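Since the structure comes first, as structure tokens, the remarks are kept for the end.
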Amino acid sequence: MSRVIIAGAAETDQVGKLPARSTLQLHLEAALNTLADAGLTTKDLDGIATVSFPGPVQVAHSLGITPRWMDGTAVGGTSFLLHVRHAAAAISAGHASTVLITHGESGRSRVGTSRYALSPSSVYGQFEAPYGTFGPTTSFTIPVLRYMKEYGLTHEQLACVAVVQRRWAAKNPRAMFRDPITVDDVLASRIVAWPFHLLECCLVTDGGGALIVTSADRAGDFPKPAVHVLGTGESAETPLISQMADFTQSRAFRLAGQAAFAEAGIAARDVDHLMIYDAFAHLPIYGLEALGFVAKGEAGPFIADGNTEPGGSLPLNTNGGGLSYTHTGMYGMFAIQEAVRQIRGEAAAQVAGPEVSVVLGNGGMFATAGVLVLGRQPR
Amino acid sequence: MAEKAAPVPTPETQAFWDGCAVGELRIQRCLDCGEAYFYPRPVCPRCGSQHVEWFTASGAATLYSYVINHRPAPGFEDEAPYAIAVVQLAEGPRMMANLTGVRNTPEDLVLDMPLRVTFERRGEVSLPLFTPAGPTA
């Protein structure tokens, strides 16, 4: 497999409430910040990847890039992890040398956004929408009650996921929510879709981020330390939450993780830092188990016992995550950004010298997954 | 008030909705491997065979998982909070459903409780819902 690096990485100047910026503008701001981070100009780029709206053609044209390779993979919030994977293959094949991957989303302010509506004749429109589903809070959440019954996960343990991530967010000046919270605070917050309370659901924000991927032969040619892409994986399970094979585990998380770990030649014990897409509080639980960090049923107690909090053995979601940092709708880009910062040694809540960081991205509602294994050194 | 979302059948799902219209839950099974499956499609998701047939399911199911939604979808304002459930049919497949004839509370909705299908008119079609199978909720 190809050896590539992340040579540039940056977010928009701000994340949060940005009503003066359109979705496209957020893409462009993130791209320009990333070019500055890598010491490159638009003329150095020959590949472009982003999701279907505004799409790679629009982003390339707005920036004056003429791509000889493009990828418009749009499979939800993990799409940007897949773009890194696909860019690595393209660079290996000689189809591109320097690829820009952009994310921007006016998820909160809804400026210049696409219209999201599935037809009543779609499979979802026929077999789920008639039952009063209304966005991810009403669908992504459904599996957890089954998990609670089969493995004894408690409401308090689920709440702990939000409590622990807030401890990380408290160290991050860019996080939207930074004030400490307790399990009681979480359980006293408004019920959104029982058993989920408001503080167990992600933020809805505006923001963006971008990456520049190129050959590892060029490591050392850029202002910031290279972040090596050691392994990648992707998978898909189901477009409908009702058709997830087993509500207590994500097949897509597991298969994407196995592929990435195998390519990198690592095991869970080799991982120093971890990002797991957290649109809701149960995702880190499903992710820890799917990636093999703990056995089935053990992730809730593992988090509640403090293993993933500041000072714990496995730093997890160190930017505060989608629950406390930011969540534009397609959060995966921000999980990658934090892993890059940690490997570079420039994170707000920096952990001590991580050599290997793993990012698990989710798309849709347990629909798709991507995993990246990132390292300070090539392997 | 907005109306609830109503399904619009497609050619490959028409037999399902035709069944609902006469009070039958018609799903598909594979004639090669025996797998029963839902949602309607022309190939067995287990073995890949296109040798499949429609049959009428028993209508018996159990409660697999659910949430109780407090932020209603358009048309559901008068029912919130309401359960959005996934039920497991006796034949194996699962489907999403609402639960009627029972209070939609954590105390009344116990996982694995027995259910049976019932139907509600929705737009141009009849929509399958589920209700407790026992004599009391």
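Chain labels run A, B, ... following the order of the structure tokens; each chain numbers its residues from 1, and ligands are numbered from 1 in the order shown.
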
Can you list every residue of chain A that has an atom at most 6 Å from chain B, with its nearest atom pair and the distance in Å to one decimal, using only C-alpha atoms, ordered by chain then number, as a tab-separated table?
residue	atom	partner	partner_atom	distance
A:Pro120	CA	B:Pro7	CA	5.3
A:Ser121	CA	B:Val8	CA	4.5
A:Gly125	CA	B:Pro7	CA	5.9
A:Gln126	CA	B:Pro7	CA	4.3
A:Pro130	CA	B:Ala5	CA	4.9
A:Tyr131	CA	B:Asn98	CA	5.8
A:Gly132	CA	B:Ala73	CA	5.2
A:Phe134	CA	B:Ala73	CA	5.2
A:Ile142	CA	B:Tyr66	CA	5.0
A:Leu145	CA	B:Ser65	CA	5.8
A:Arg146	CA	B:Ser65	CA	5.4
A:Val192	CA	B:His70	CA	5.4
A:Ala193	CA	B:Asn69	CA	4.2
A:Trp194	CA	B:Ile68	CA	4.9
A:Ser242	CA	B:Met96	CA	5.7

Exercise: A:Glu150 partners within 10 Å, only C-alpha atoms, chain neighbours under 5 positions left out, as a compact mmCIF listing (two decimals) with N, CA and C atoms, in the first residue's frame:
# COMPACT_ATOMS: atom_id res chain seq x y z
N VAL A 144 -29.63 1.59 21.27
CA VAL A 144 -28.96 1.52 22.58
C VAL A 144 -29.77 0.79 23.64
N LEU A 145 -31.10 0.83 23.56
CA LEU A 145 -31.89 0.15 24.59
C LEU A 145 -31.64 -1.36 24.55
N PHE A 247 -28.14 -4.92 17.03
CA PHE A 247 -28.21 -3.57 17.60
C PHE A 247 -27.16 -3.34 18.70
N THR A 248 -26.42 -4.37 19.06
CA THR A 248 -25.41 -4.19 20.11
C THR A 248 -24.01 -4.00 19.53
N GLY A 297 -19.48 -5.33 25.91
CA GLY A 297 -20.15 -5.03 27.17
C GLY A 297 -19.30 -4.30 28.18

Original post:
So which one's closest to A:Ile6, A:Ala170, A:Val186, A:Ala89, A:Ala219? Using only C-alpha atoms, please.
Top reply: A:Ala219

Original post:
Neighbours of stretch 104-113 of chain A within 10 Å (only C-alpha atoms; same-chain residues fewer than 4 positions away dropped), as a PyMOL selection string?
Top reply: chain A and resi 11-12+15-31+50-51+53-54+203-210+327-331+333

**OP:** Would you mind reading off the distance between atom CA of A:Ala347 and atom CA of A:Val99, one decimal, in Å?
**Re:** 23.8 Å

Original post:
Residues at most 8 Å from A:Asn172, counting only C-alpha atoms, excluding those fewer than 5 positions away in the same chain, as a ChimeraX atom specification?
Top reply: /A:178,319-320,325,348-349

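Across the structure, atom CA of B:Val125 and atom CA of A:Gln243 are spaced 22.2 Å apart.
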
Subject >> Point-to-point distance from atom CA of A:Pro56 to atom CA of A:Pro136, Å rounded to tenths >> reply: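 Answer for the atom CA of A:Pro56 to atom CA of A:Pro136 separation: 25.9 Å.
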
**OP:** Looking only at alpha helix (DSSP H) from DSSP on the backbone, list the matching residues of chain B as a list of chain:residue names.
**Re:**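 Matching residues, listed in order: B:Gln14, B:Ala15, B:Phe16, B:Trp17, B:Asp18, B:Gly19, B:Cys20, B:Ala21.
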
Could you dump the residues just selected with C-alpha atoms as a short mmCIF file (atom, residue, chain, number, x, y, z; two decimals), in the first residue's frame?
data_model
loop_
_atom_site.label_atom_id
_atom_site.label_comp_id
_atom_site.auth_asym_id
_atom_site.auth_seq_id
_atom_site.Cartn_x
_atom_site.Cartn_y
_atom_site.Cartn_z
CA GLN B 14 -46.38 -2.91 -4.40
CA ALA B 15 -47.12 -6.47 -3.24
CA PHE B 16 -46.26 -5.49 0.33
CA TRP B 17 -48.66 -2.54 0.28
CA ASP B 18 -51.33 -4.59 -1.50
CA GLY B 19 -51.10 -7.04 1.41
CA CYS B 20 -51.44 -4.29 3.99
CA ALA B 21 -54.57 -3.06 2.22
#

Original post:
Quick one: of A:Glu237, A:Arg254, A:Gly375, A:Ala264, who's nearest to A:Phe293, counting only C-alpha atoms?
Top reply: A:Arg254

Report as an mmCIF file with C-alpha atoms, in the first residue's frame: the residues of stretch 15-84 of chain A with a DSSP assignment of strand (DSSP E), based on the backbone of this structure.
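Okay, this is what ended up in part.cif:
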data_model
loop_
_atom_site.group_PDB
_atom_site.id
_atom_site.type_symbol
_atom_site.label_atom_id
_atom_site.label_comp_id
_atom_site.auth_asym_id
_atom_site.auth_seq_id
_atom_site.Cartn_x
_atom_site.Cartn_y
_atom_site.Cartn_z
ATOM 1 C CA GLY A 47 -6.314 16.432 -6.698
ATOM 2 C CA ILE A 48 -9.529 17.407 -4.916
ATOM 3 C CA ALA A 49 -11.963 15.514 -2.706
ATOM 4 C CA TRP A 69 -8.064 13.410 -9.951
ATOM 5 C CA MET A 70 -11.245 13.935 -7.955
ATOM 6 C CA ASP A 71 -13.366 12.086 -5.431
#

**OP:** Give the answer as one residue: which of A:Thr137, A:Thr182, A:Gln258, A:Thr102 has the shortest atom-to-atom distance to A:Ser79, using only C-alpha atoms?
**Re:**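 Closest to A:Ser79, using only C-alpha atoms: A:Thr102.
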
Original post:
So, counting only C-alpha atoms, which residue among A:Ser250, A:Gly364, A:Asn33, A:His282 is closest to A:Gly135?
Top reply: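 Of all the options, A:Gly364 lies closest to A:Gly135.
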